[in-house]
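Shown next: structure-v3.cif, containing mmCIF, C-alpha atoms.
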```
data_query
#
loop_
_atom_site.group_PDB
_atom_site.id
_atom_site.type_symbol
_atom_site.label_atom_id
_atom_site.label_comp_id
_atom_site.auth_asym_id
_atom_site.auth_seq_id
_atom_site.Cartn_x
_atom_site.Cartn_y
_atom_site.Cartn_z
ATOM 1 C CA MET U 1477 -225.064 -168.810 -40.919
ATOM 2 C CA SER U 1478 -224.905 -165.001 -40.988
ATOM 3 C CA GLY U 1479 -228.423 -164.918 -42.465
ATOM 4 C CA GLU U 1480 -229.925 -166.682 -39.431
ATOM 5 C CA ALA U 1481 -232.195 -164.855 -36.975
ATOM 6 C CA TYR U 1482 -231.271 -165.751 -33.397
ATOM 7 C CA ASP U 1483 -233.374 -165.444 -30.268
ATOM 8 C CA VAL U 1484 -230.374 -164.698 -28.060
ATOM 9 C CA MET U 1485 -226.866 -163.603 -29.008
ATOM 10 C CA VAL U 1486 -224.052 -163.251 -26.492
ATOM 11 C CA VAL U 1487 -220.919 -161.187 -27.000
ATOM 12 C CA GLY U 1488 -218.664 -162.360 -24.224
ATOM 13 C CA SER U 1489 -216.147 -164.660 -22.626
ATOM 14 C CA CYS U 1490 -215.191 -168.335 -22.638
ATOM 15 C CA MET U 1491 -212.984 -169.740 -19.871
ATOM 16 C CA THR U 1492 -211.704 -173.263 -19.297
ATOM 17 C CA ASP U 1493 -211.820 -174.065 -15.571
ATOM 18 C CA LEU U 1494 -208.977 -176.269 -14.292
ATOM 19 C CA VAL U 1495 -210.126 -177.312 -10.823
ATOM 20 C CA SER U 1496 -208.090 -179.106 -8.149
ATOM 21 C CA GLN U 1497 -209.719 -180.175 -4.893
ATOM 22 C CA THR U 1498 -207.358 -180.321 -1.920
ATOM 23 C CA PRO U 1499 -207.522 -180.670 1.880
ATOM 24 C CA ARG U 1500 -206.123 -177.122 2.255
ATOM 25 C CA LEU U 1501 -204.461 -174.360 0.262
ATOM 26 C CA PRO U 1502 -200.698 -174.856 -0.257
ATOM 27 C CA LYS U 1503 -198.229 -172.471 1.362
ATOM 28 C CA ILE U 1504 -195.797 -170.535 -0.832
ATOM 29 C CA GLY U 1505 -193.340 -172.962 -2.420
ATOM 30 C CA GLU U 1506 -195.179 -176.020 -1.085
ATOM 31 C CA THR U 1507 -196.434 -179.014 -3.084
ATOM 32 C CA ILE U 1508 -199.423 -180.854 -1.655
ATOM 33 C CA HIS U 1509 -201.569 -183.773 -2.823
ATOM 34 C CA GLY U 1510 -205.041 -183.096 -4.177
ATOM 35 C CA HIS U 1511 -207.743 -185.749 -4.321
ATOM 36 C CA ARG U 1512 -209.765 -184.668 -7.358
ATOM 37 C CA PHE U 1513 -209.148 -182.802 -10.607
ATOM 38 C CA PHE U 1514 -211.591 -181.867 -13.337
ATOM 39 C CA ILE U 1515 -211.844 -179.547 -16.313
ATOM 40 C CA GLY U 1516 -215.031 -177.546 -16.795
ATOM 41 C CA PHE U 1517 -216.419 -174.993 -19.208
ATOM 42 C CA GLY U 1518 -216.929 -171.506 -17.811
ATOM 43 C CA GLY U 1519 -216.802 -167.796 -18.555
ATOM 44 C CA LYS U 1520 -219.812 -165.601 -17.850
ATOM 45 C CA GLY U 1521 -220.739 -165.051 -21.498
ATOM 46 C CA ALA U 1522 -220.613 -168.709 -22.452
ATOM 47 C CA ASN U 1523 -222.443 -169.738 -19.265
ATOM 48 C CA GLN U 1524 -225.313 -167.357 -19.977
ATOM 49 C CA CYS U 1525 -225.520 -168.516 -23.587
ATOM 50 C CA VAL U 1526 -225.619 -172.184 -22.561
ATOM 51 C CA GLN U 1527 -228.469 -171.607 -20.106
ATOM 52 C CA ALA U 1528 -230.565 -169.763 -22.707
ATOM 53 C CA ALA U 1529 -229.904 -172.585 -25.192
ATOM 54 C CA ARG U 1530 -230.842 -175.288 -22.669
ATOM 55 C CA LEU U 1531 -234.246 -173.682 -22.245
ATOM 56 C CA GLY U 1532 -234.842 -173.792 -25.995
ATOM 57 C CA ALA U 1533 -233.603 -170.451 -27.327
ATOM 58 C CA LYS U 1534 -231.860 -170.348 -30.701
ATOM 59 C CA THR U 1535 -228.513 -168.907 -29.658
ATOM 60 C CA ALA U 1536 -225.202 -167.728 -31.101
ATOM 61 C CA MET U 1537 -221.961 -166.884 -29.303
ATOM 62 C CA VAL U 1538 -219.596 -164.116 -30.427
ATOM 63 C CA CYS U 1539 -216.266 -164.856 -28.771
ATOM 64 C CA LYS U 1540 -212.594 -165.670 -29.271
ATOM 65 C CA VAL U 1541 -210.644 -168.761 -28.193
ATOM 66 C CA GLY U 1542 -207.107 -169.934 -28.814
ATOM 67 C CA LYS U 1543 -205.905 -172.328 -31.493
ATOM 68 C CA ASP U 1544 -205.331 -174.955 -28.825
ATOM 69 C CA VAL U 1545 -207.019 -178.035 -27.414
ATOM 70 C CA PHE U 1546 -209.073 -175.940 -24.972
ATOM 71 C CA GLY U 1547 -210.358 -173.795 -27.830
ATOM 72 C CA ASP U 1548 -211.226 -176.866 -29.915
ATOM 73 C CA ASN U 1549 -213.026 -178.410 -26.932
ATOM 74 C CA TYR U 1550 -214.960 -175.233 -26.225
ATOM 75 C CA ILE U 1551 -216.227 -175.003 -29.798
ATOM 76 C CA GLN U 1552 -217.394 -178.622 -29.530
ATOM 77 C CA ASN U 1553 -219.087 -177.781 -26.212
ATOM 78 C CA PHE U 1554 -221.072 -175.029 -27.932
ATOM 79 C CA LYS U 1555 -222.115 -177.437 -30.668
ATOM 80 C CA ASN U 1556 -223.127 -180.033 -28.066
ATOM 81 C CA ASN U 1557 -225.439 -177.423 -26.534
ATOM 82 C CA GLY U 1558 -226.939 -176.430 -29.890
ATOM 83 C CA ILE U 1559 -225.235 -173.021 -29.927
ATOM 84 C CA ALA U 1560 -224.236 -171.536 -33.305
ATOM 85 C CA THR U 1561 -220.461 -171.151 -33.665
ATOM 86 C CA ASP U 1562 -220.349 -169.034 -36.839
ATOM 87 C CA PHE U 1563 -218.933 -166.130 -34.816
ATOM 88 C CA VAL U 1564 -216.568 -168.115 -32.592
ATOM 89 C CA GLU U 1565 -213.077 -167.296 -33.826
ATOM 90 C CA GLN U 1566 -209.753 -168.926 -33.002
ATOM 91 C CA THR U 1567 -206.472 -167.055 -32.714
ATOM 92 C CA SER U 1568 -202.851 -168.196 -32.497
ATOM 93 C CA GLU U 1569 -201.910 -164.942 -30.741
ATOM 94 C CA ALA U 1570 -203.188 -166.005 -27.296
ATOM 95 C CA ALA U 1571 -204.324 -169.091 -25.426
ATOM 96 C CA THR U 1572 -207.957 -169.848 -24.646
ATOM 97 C CA GLY U 1573 -208.961 -168.071 -21.435
ATOM 98 C CA ALA U 1574 -208.316 -170.239 -18.393
ATOM 99 C CA ALA U 1575 -208.998 -170.247 -14.680
ATOM 100 C CA SER U 1576 -206.751 -172.317 -12.390
ATOM 101 C CA ILE U 1577 -208.846 -173.029 -9.309
ATOM 102 C CA ILE U 1578 -207.897 -174.699 -6.033
ATOM 103 C CA VAL U 1579 -210.862 -175.601 -3.804
ATOM 104 C CA THR U 1580 -210.389 -176.944 -0.282
ATOM 105 C CA ASP U 1581 -212.597 -179.440 1.525
ATOM 106 C CA THR U 1582 -213.949 -176.574 3.647
ATOM 107 C CA GLY U 1583 -214.880 -174.484 0.620
ATOM 108 C CA GLU U 1584 -211.970 -172.031 0.574
ATOM 109 C CA ASN U 1585 -210.543 -171.300 -2.834
ATOM 110 C CA ALA U 1586 -207.667 -169.638 -4.648
ATOM 111 C CA ILE U 1587 -208.181 -168.671 -8.281
ATOM 112 C CA VAL U 1588 -205.866 -167.399 -11.010
ATOM 113 C CA ILE U 1589 -207.644 -166.181 -14.166
ATOM 114 C CA VAL U 1590 -205.800 -165.607 -17.441
ATOM 115 C CA PRO U 1591 -208.273 -164.028 -19.931
ATOM 116 C CA GLY U 1592 -206.056 -164.816 -22.938
ATOM 117 C CA ALA U 1593 -207.943 -164.778 -26.252
ATOM 118 C CA ASN U 1594 -210.996 -163.149 -24.636
ATOM 119 C CA LEU U 1595 -209.199 -159.797 -24.606
ATOM 120 C CA LEU U 1596 -208.556 -159.998 -28.374
ATOM 121 C CA LEU U 1597 -212.257 -159.986 -29.218
ATOM 122 C CA GLY U 1598 -212.750 -156.663 -30.973
ATOM 123 C CA ASP U 1599 -214.092 -154.597 -33.855
ATOM 124 C CA GLY U 1600 -213.455 -157.156 -36.595
ATOM 125 C CA GLU U 1601 -215.487 -159.848 -34.877
ATOM 126 C CA LEU U 1602 -218.321 -157.416 -34.108
ATOM 127 C CA GLU U 1603 -218.469 -156.251 -37.724
ATOM 128 C CA ARG U 1604 -218.732 -159.841 -38.951
ATOM 129 C CA ALA U 1605 -221.552 -160.532 -36.476
ATOM 130 C CA GLU U 1606 -223.515 -157.291 -36.901
ATOM 131 C CA GLY U 1607 -225.799 -158.634 -39.636
ATOM 132 C CA ALA U 1608 -226.972 -161.435 -37.352
ATOM 133 C CA LEU U 1609 -227.039 -159.126 -34.338
ATOM 134 C CA SER U 1610 -229.374 -156.734 -36.156
ATOM 135 C CA ARG U 1611 -231.965 -159.547 -36.438
ATOM 136 C CA ALA U 1612 -231.611 -160.968 -32.916
ATOM 137 C CA LYS U 1613 -234.282 -160.593 -30.232
ATOM 138 C CA VAL U 1614 -231.906 -160.220 -27.268
ATOM 139 C CA LEU U 1615 -228.202 -159.407 -26.779
ATOM 140 C CA ILE U 1616 -226.297 -160.180 -23.570
ATOM 141 C CA CYS U 1617 -222.947 -158.561 -22.672
ATOM 142 C CA GLN U 1618 -220.634 -158.615 -19.635
ATOM 143 C CA LEU U 1619 -217.182 -157.278 -18.706
ATOM 144 C CA GLU U 1620 -214.909 -160.340 -18.985
ATOM 145 C CA ILE U 1621 -213.877 -159.106 -22.428
ATOM 146 C CA SER U 1622 -212.675 -155.616 -23.381
ATOM 147 C CA ALA U 1623 -215.143 -153.052 -21.988
ATOM 148 C CA ASP U 1624 -214.898 -151.162 -25.268
ATOM 149 C CA THR U 1625 -216.004 -154.247 -27.222
ATOM 150 C CA SER U 1626 -218.968 -154.826 -24.893
ATOM 151 C CA LEU U 1627 -220.052 -151.199 -25.204
ATOM 152 C CA LYS U 1628 -219.826 -151.273 -29.013
ATOM 153 C CA ALA U 1629 -221.948 -154.424 -29.059
ATOM 154 C CA LEU U 1630 -224.596 -152.819 -26.837
ATOM 155 C CA ARG U 1631 -224.563 -149.695 -28.993
ATOM 156 C CA ALA U 1632 -225.024 -151.767 -32.182
ATOM 157 C CA ALA U 1633 -227.917 -153.695 -30.658
ATOM 158 C CA HIS U 1634 -229.567 -150.475 -29.506
ATOM 159 C CA LYS U 1635 -229.266 -149.065 -33.034
ATOM 160 C CA HIS U 1636 -231.135 -152.094 -34.396
ATOM 161 C CA ARG U 1637 -233.724 -152.035 -31.569
ATOM 162 C CA VAL U 1638 -232.529 -155.347 -30.162
ATOM 163 C CA LYS U 1639 -233.278 -155.765 -26.433
ATOM 164 C CA THR U 1640 -230.090 -155.600 -24.352
ATOM 165 C CA ILE U 1641 -229.151 -157.238 -21.055
ATOM 166 C CA PHE U 1642 -225.927 -155.950 -19.528
ATOM 167 C CA ASN U 1643 -224.238 -157.812 -16.685
ATOM 168 C CA PRO U 1644 -221.523 -155.482 -15.291
ATOM 169 C CA ALA U 1645 -219.287 -158.283 -14.037
ATOM 170 C CA PRO U 1646 -216.576 -158.103 -12.947
ATOM 171 C CA ALA U 1647 -217.758 -154.660 -11.853
ATOM 172 C CA ALA U 1648 -215.709 -151.493 -12.298
ATOM 173 C CA SER U 1649 -216.295 -148.320 -10.304
ATOM 174 C CA ASP U 1650 -215.325 -146.145 -13.293
ATOM 175 C CA LEU U 1651 -217.799 -147.681 -15.762
ATOM 176 C CA SER U 1652 -218.560 -145.469 -18.770
ATOM 177 C CA PRO U 1653 -221.963 -143.715 -18.439
ATOM 178 C CA ASP U 1654 -222.866 -145.022 -21.912
ATOM 179 C CA PHE U 1655 -223.221 -148.554 -20.522
ATOM 180 C CA TYR U 1656 -226.322 -147.433 -18.633
ATOM 181 C CA LYS U 1657 -227.718 -145.576 -21.641
ATOM 182 C CA TYR U 1658 -227.591 -148.686 -23.854
ATOM 183 C CA SER U 1659 -228.845 -151.196 -21.246
ATOM 184 C CA ASP U 1660 -232.514 -152.095 -21.482
ATOM 185 C CA ILE U 1661 -231.877 -154.287 -18.449
ATOM 186 C CA LEU U 1662 -228.851 -153.939 -16.168
ATOM 187 C CA CYS U 1663 -228.500 -157.048 -14.001
ATOM 188 C CA CYS U 1664 -225.895 -157.218 -11.225
ATOM 189 C CA ASN U 1665 -225.444 -158.943 -7.881
ATOM 190 C CA GLU U 1666 -225.118 -157.182 -4.542
ATOM 191 C CA THR U 1667 -221.297 -157.040 -4.677
ATOM 192 C CA GLU U 1668 -221.349 -155.513 -8.148
ATOM 193 C CA ALA U 1669 -224.053 -153.029 -7.117
ATOM 194 C CA GLU U 1670 -221.843 -151.992 -4.203
ATOM 195 C CA ILE U 1671 -218.844 -151.364 -6.483
ATOM 196 C CA LEU U 1672 -220.950 -149.451 -9.026
ATOM 197 C CA THR U 1673 -222.594 -147.176 -6.447
ATOM 198 C CA GLY U 1674 -219.843 -146.995 -3.809
ATOM 199 C CA LYS U 1675 -222.419 -147.818 -1.105
ATOM 200 C CA ALA U 1676 -222.786 -150.950 1.013
ATOM 201 C CA VAL U 1677 -225.383 -153.465 -0.193
ATOM 202 C CA SER U 1678 -226.044 -156.029 2.532
ATOM 203 C CA ASN U 1679 -229.836 -156.494 2.489
ATOM 204 C CA ILE U 1680 -232.987 -156.097 0.388
ATOM 205 C CA GLU U 1681 -233.433 -152.443 1.343
ATOM 206 C CA ASP U 1682 -229.837 -151.588 0.393
ATOM 207 C CA ALA U 1683 -230.324 -153.356 -2.935
ATOM 208 C CA GLY U 1684 -233.413 -151.253 -3.593
ATOM 209 C CA ARG U 1685 -231.552 -148.023 -2.880
ATOM 210 C CA ALA U 1686 -228.669 -149.102 -5.124
ATOM 211 C CA GLY U 1687 -231.165 -149.989 -7.838
ATOM 212 C CA VAL U 1688 -232.737 -146.529 -7.670
ATOM 213 C CA GLU U 1689 -229.311 -144.930 -8.132
ATOM 214 C CA LEU U 1690 -228.384 -147.198 -11.052
ATOM 215 C CA LEU U 1691 -231.761 -146.649 -12.725
ATOM 216 C CA ALA U 1692 -231.221 -142.889 -12.540
ATOM 217 C CA ARG U 1693 -228.074 -143.303 -14.654
ATOM 218 C CA GLY U 1694 -230.199 -144.141 -17.684
ATOM 219 C CA CYS U 1695 -231.028 -147.872 -17.709
ATOM 220 C CA GLY U 1696 -234.421 -149.080 -18.853
ATOM 221 C CA SER U 1697 -234.629 -151.452 -15.868
ATOM 222 C CA VAL U 1698 -232.353 -152.667 -13.063
ATOM 223 C CA ILE U 1699 -232.228 -156.075 -11.387
ATOM 224 C CA VAL U 1700 -230.076 -156.659 -8.297
ATOM 225 C CA THR U 1701 -229.754 -160.380 -7.589
ATOM 226 C CA LEU U 1702 -229.431 -161.476 -3.957
ATOM 227 C CA GLY U 1703 -228.692 -165.199 -4.080
ATOM 228 C CA SER U 1704 -231.035 -167.135 -1.778
ATOM 229 C CA GLN U 1705 -233.044 -163.955 -1.129
ATOM 230 C CA GLY U 1706 -234.114 -163.672 -4.778
ATOM 231 C CA CYS U 1707 -233.783 -160.284 -6.439
ATOM 232 C CA VAL U 1708 -234.938 -156.663 -6.440
ATOM 233 C CA VAL U 1709 -236.430 -155.200 -9.636
ATOM 234 C CA LEU U 1710 -236.953 -151.585 -10.756
ATOM 235 C CA SER U 1711 -237.925 -150.085 -14.095
ATOM 236 C CA SER U 1712 -238.231 -146.670 -15.676
ATOM 237 C CA GLN U 1713 -242.031 -147.224 -15.629
ATOM 238 C CA ASP U 1714 -241.986 -148.033 -11.901
ATOM 239 C CA SER U 1715 -238.887 -146.864 -10.064
ATOM 240 C CA SER U 1716 -240.057 -148.214 -6.692
ATOM 241 C CA PRO U 1717 -238.097 -151.407 -5.850
ATOM 242 C CA THR U 1718 -240.001 -154.701 -5.943
ATOM 243 C CA HIS U 1719 -238.560 -157.693 -4.084
ATOM 244 C CA ILE U 1720 -238.992 -161.031 -5.886
ATOM 245 C CA PRO U 1721 -238.290 -163.851 -3.387
ATOM 246 C CA THR U 1722 -237.140 -167.300 -4.458
ATOM 247 C CA THR U 1723 -237.977 -170.772 -3.190
ATOM 248 C CA LYS U 1724 -235.647 -172.031 -0.482
ATOM 249 C CA VAL U 1725 -233.610 -175.040 -1.632
ATOM 250 C CA THR U 1726 -230.631 -176.979 -0.320
ATOM 251 C CA ALA U 1727 -227.699 -175.601 -2.309
ATOM 252 C CA VAL U 1728 -224.976 -178.024 -3.400
ATOM 253 C CA ASP U 1729 -222.921 -175.611 -5.533
ATOM 254 C CA THR U 1730 -223.856 -171.974 -6.198
ATOM 255 C CA THR U 1731 -221.180 -171.453 -8.890
ATOM 256 C CA GLY U 1732 -222.741 -169.930 -11.995
ATOM 257 C CA ALA U 1733 -226.174 -169.339 -10.440
ATOM 258 C CA GLY U 1734 -226.106 -165.686 -11.496
ATOM 259 C CA ASP U 1735 -225.276 -166.699 -15.069
ATOM 260 C CA SER U 1736 -228.115 -169.219 -15.019
ATOM 261 C CA PHE U 1737 -230.486 -166.430 -13.930
ATOM 262 C CA ILE U 1738 -229.366 -164.108 -16.734
ATOM 263 C CA GLY U 1739 -229.538 -166.830 -19.398
ATOM 264 C CA ALA U 1740 -233.080 -167.657 -18.266
ATOM 265 C CA LEU U 1741 -234.033 -163.974 -18.205
ATOM 266 C CA ALA U 1742 -232.870 -163.634 -21.827
ATOM 267 C CA PHE U 1743 -234.928 -166.683 -22.785
ATOM 268 C CA TYR U 1744 -238.131 -165.234 -21.291
ATOM 269 C CA LEU U 1745 -237.412 -161.786 -22.754
ATOM 270 C CA ALA U 1746 -237.117 -163.388 -26.206
ATOM 271 C CA PHE U 1747 -240.059 -165.801 -25.984
ATOM 272 C CA GLN U 1748 -242.537 -164.164 -23.631
ATOM 273 C CA PRO U 1749 -241.965 -160.398 -23.978
ATOM 274 C CA SER U 1750 -245.529 -159.736 -22.832
ATOM 275 C CA LEU U 1751 -244.659 -160.944 -19.311
ATOM 276 C CA THR U 1752 -243.887 -158.278 -16.743
ATOM 277 C CA LEU U 1753 -240.217 -158.023 -15.792
ATOM 278 C CA GLU U 1754 -241.190 -159.143 -12.281
ATOM 279 C CA GLU U 1755 -242.700 -162.344 -13.670
ATOM 280 C CA MET U 1756 -239.647 -162.981 -15.870
ATOM 281 C CA CYS U 1757 -237.473 -162.640 -12.765
ATOM 282 C CA ARG U 1758 -239.730 -164.994 -10.833
ATOM 283 C CA GLN U 1759 -239.271 -167.608 -13.578
ATOM 284 C CA ALA U 1760 -235.507 -166.961 -13.780
ATOM 285 C CA ASN U 1761 -235.284 -167.465 -10.001
ATOM 286 C CA VAL U 1762 -236.774 -170.939 -10.479
ATOM 287 C CA VAL U 1763 -234.187 -171.812 -13.134
ATOM 288 C CA ALA U 1764 -231.288 -170.560 -10.989
ATOM 289 C CA SER U 1765 -232.591 -172.419 -7.923
ATOM 290 C CA LEU U 1766 -232.507 -175.653 -9.901
ATOM 291 C CA SER U 1767 -228.900 -174.970 -10.958
ATOM 292 C CA VAL U 1768 -227.604 -174.668 -7.376
ATOM 293 C CA GLN U 1769 -228.903 -178.122 -6.508
ATOM 294 C CA LYS U 1770 -226.245 -179.810 -8.699
ATOM 295 C CA GLU U 1771 -222.447 -179.660 -8.788
ATOM 296 C CA GLY U 1772 -220.557 -177.739 -11.442
ATOM 297 C CA THR U 1773 -221.289 -174.676 -13.519
ATOM 298 C CA GLN U 1774 -222.704 -175.402 -16.983
ATOM 299 C CA THR U 1775 -223.199 -179.061 -16.009
ATOM 300 C CA SER U 1776 -225.715 -177.903 -13.380
ATOM 301 C CA PHE U 1777 -227.817 -175.739 -15.699
ATOM 302 C CA PRO U 1778 -231.332 -177.137 -16.189
ATOM 303 C CA SER U 1779 -233.031 -177.891 -19.504
ATOM 304 C CA LYS U 1780 -236.734 -177.648 -20.403
ATOM 305 C CA LYS U 1781 -237.223 -181.290 -19.433
ATOM 306 C CA ASP U 1782 -236.030 -180.595 -15.854
ATOM 307 C CA PHE U 1783 -239.060 -178.468 -14.963
ATOM 308 C CA PRO U 1784 -242.082 -179.846 -13.089
ATOM 309 C CA THR U 1785 -244.282 -177.914 -15.544
ATOM 310 C CA PRO U 1786 -243.037 -177.520 -19.114
ATOM 311 C CA VAL U 1787 -241.351 -174.298 -20.190
ATOM 312 C CA THR U 1788 -243.770 -172.740 -22.665
ATOM 313 C CA TYR U 1789 -243.308 -170.148 -25.382
#
```
Using structure tokens, write down the structure from this file.
Amino acid sequence: MSGEAYDVMVVGSCMTDLVSQTPRLPKIGETIHGHRFFIGFGGKGANQCVQAARLGAKTAMVCKVGKDVFGDNYIQNFKNNGIATDFVEQTSEAATGAASIIVTDTGENAIVIVPGANLLLGDGELERAEGALSRAKVLICQLEISADTSLKALRAAHKHRVKTIFNPAPAASDLSPDFYKYSDILCCNETEAEILTGKAVSNIEDAGRAGVELLARGCGSVIVTLGSQGCVVLSSQDSSPTHIPTTKVTAVDTTGAGDSFIGALAFYLAFQPSLTLEEMCRQANVVASLSVQKEGTQTSFPSKKDFPTPVTY
């Protein structure tokens, strides 16, 4: 309902993953036998929304899918995860976003992404969602939809004093300066930080230097995630980089770990705003480390019940 007040709203992407597992990648013009096929739910925006919802946040997704079976299934997936679908729109002008993925037994992959309906998410959808957005606690945006739409969403949230988390992924070297201005928290991985700054990011020290540069562009805070090495955090209150390590675990599948981190970060920002950003990141590291210990993307994301000590808020 448009009158609802949500903890976390996400303006972003939905992708249906069509995954084939094969012994090797096919050559041009070659047909080979695969040994496993599955369909999964993906897209950075939807992934982040699902993780926040699994932890107990009241969430809503603002997105666009096709009038096709994948779109119907995705809407049901949101409902299954307790995510409000009032602002999920279907269009007959494009198919639901899809990723065709081939994964070999040795872990190599080849991926073709067709954004489809994601790129049609625009002003009309934002206008219909603005009433709810104005009452939300946290907004998350990324770059798998039109950059202009993401920026307008961040600007609207800023106007209503809603906390914003911006995930500049996939990263673009020519990102509008306004993205930094309207980001309370900018959260990127080392590859994205490298593209944004034009400087190599291969260790904790590099991540800290990249964070300093990104913070200077106008963000409230910057987080650079480093996979198994945790993350580096900086804020306008304390621009010196702080490294937040994570517990070492045996990773089964790291797909979507960054989205799990961001969804968890949004949850803690909404429910425990008195925590320091460093402590929120420490908690988000725990959530992401649980996600990499299971196969799949959204299927691997933990819920409150999966924690040794209950998630409190």
If you take all atoms listed in the file and a cut-off of 9 Å, which residues of region 1630-1695 of chain U touch region 1605-1624 of chain U, and what are their nearest atom pairs and distances in Å to one decimal, in chain and number order, as CSV?
```
residue,atom,partner,partner_atom,distance
U:Leu1630,CA,U:Cys1617,CA,7.3
U:Ala1632,CA,U:Glu1606,CA,7.4
U:Ala1633,CA,U:Ser1610,CA,6.4
U:Lys1635,CA,U:Ser1610,CA,8.3
U:His1636,CA,U:Ser1610,CA,5.3
U:Arg1637,CA,U:Ser1610,CA,7.9
U:Val1638,CA,U:Lys1613,CA,5.5
U:Lys1639,CA,U:Val1614,CA,4.7
U:Thr1640,CA,U:Leu1615,CA,4.9
U:Ile1641,CA,U:Ile1616,CA,4.8
U:Phe1642,CA,U:Cys1617,CA,5.1
U:Asn1643,CA,U:Gln1618,CA,4.7
U:Pro1644,CA,U:Gln1618,CA,5.4
U:Ala1645,CA,U:Leu1619,CA,5.2
U:Pro1646,CA,U:Leu1619,CA,5.8
U:Ala1647,CA,U:Leu1619,CA,7.4
U:Ala1648,CA,U:Leu1619,CA,8.8
U:Leu1651,CA,U:Ala1623,CA,8.6
U:Ser1652,CA,U:Ala1623,CA,8.9
```
- When the PyMOL selection byres ((chain U and resi 1681) around 12) is applied to the file above, which residues end up in the set, as a VMD selection string? chain U and resid 1666 1676 to 1680 1682 to 1688 1700 1702 1705 1707 to 1709 1716 to 1719
Using only C-alpha atoms, please write the residues we just selected to a file, as a CSV table (one decimal), in the frame of the given file.
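Result file selection_37.csv:
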```csv
chain,number,residue,atom,x,y,z
U,1666,GLU,CA,-225.1,-157.2,-4.5
U,1676,ALA,CA,-222.8,-151.0,1.0
U,1677,VAL,CA,-225.4,-153.5,-0.2
U,1678,SER,CA,-226.0,-156.0,2.5
U,1679,ASN,CA,-229.8,-156.5,2.5
U,1680,ILE,CA,-233.0,-156.1,0.4
U,1682,ASP,CA,-229.8,-151.6,0.4
U,1683,ALA,CA,-230.3,-153.4,-2.9
U,1684,GLY,CA,-233.4,-151.3,-3.6
U,1685,ARG,CA,-231.6,-148.0,-2.9
U,1686,ALA,CA,-228.7,-149.1,-5.1
U,1687,GLY,CA,-231.2,-150.0,-7.8
U,1688,VAL,CA,-232.7,-146.5,-7.7
U,1700,VAL,CA,-230.1,-156.7,-8.3
U,1702,LEU,CA,-229.4,-161.5,-4.0
U,1705,GLN,CA,-233.0,-164.0,-1.1
U,1707,CYS,CA,-233.8,-160.3,-6.4
U,1708,VAL,CA,-234.9,-156.7,-6.4
U,1709,VAL,CA,-236.4,-155.2,-9.6
U,1716,SER,CA,-240.1,-148.2,-6.7
U,1717,PRO,CA,-238.1,-151.4,-5.8
U,1718,THR,CA,-240.0,-154.7,-5.9
U,1719,HIS,CA,-238.6,-157.7,-4.1
```
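CA of Val1526 (chain U) is positioned 9.9 Å from CA of Asn1556 (chain U).
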- Among listed residues U:Thr1701, U:Cys1695, U:Gly1488, U:Asn1523, nearest Leu1595 (chain U) (using all atoms listed in the file): U:Gly1488
- Task: Might you spell out which residues the PyMOL selection byres ((chain U and resi 1563) around 8) would select in the displayed file, as a PyMOL selection string?
- Result: chain U and resi 1536-1539+1560-1562+1564-1565+1601+1604-1605
- Message: Quick check on the file I pasted: which residues fall under the PyMOL selection byres ((chain U and resi 1482) around 6)? Write them as a ChimeraX atom specification.
- Response: /U:1481,1483-1484,1534-1535,1612
Output of the above residues as a JSON list (two decimals), in the frame of the given file, restricted to C-alpha atoms:
```
[["chain", "number", "residue", "atom", "x", "y", "z"],
["U", 1481, "ALA", "CA", -232.20, -164.86, -36.98],
["U", 1483, "ASP", "CA", -233.37, -165.44, -30.27],
["U", 1484, "VAL", "CA", -230.37, -164.70, -28.06],
["U", 1534, "LYS", "CA", -231.86, -170.35, -30.70],
["U", 1535, "THR", "CA", -228.51, -168.91, -29.66],
["U", 1612, "ALA", "CA", -231.61, -160.97, -32.92]]
```
- Using only C-alpha atoms, pick whichever of U:Gln1527, U:Ser1576, U:Ser1704, U:Ser1697 has the shortest atom-to-atom distance to Tyr1744 (chain U). U:Gln1527
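The space separating CA of Phe1743 (chain U) from CA of Gly1772 (chain U) comes to 21.4 Å.
Here the question is which of U:Gln1769, U:Ser1649, U:Thr1731, U:Asn1761 gets nearest to Thr1673 (chain U) using only C-alpha atoms, and that residue is U:Ser1649.
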- Task: Please measure the separation of CA of Lys1780 (chain U) and CA of Leu1531 (chain U), giving the value in Å to one decimal.
- Result: 5.0 Å
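Those residues positioned at most 10 Å from (-230.9, -166.1, -4.6) are Asn1665, Thr1701, Leu1702, Gly1703, Ser1704, Gln1705, Gly1706, Cys1707, Ile1720, Pro1721, Thr1722, Thr1723, Lys1724, Val1725, Thr1730, Ala1733, Gly1734, Phe1737, Asn1761, Val1762, Ala1764, Ser1765 and Val1768 of chain U, judged using only C-alpha atoms.
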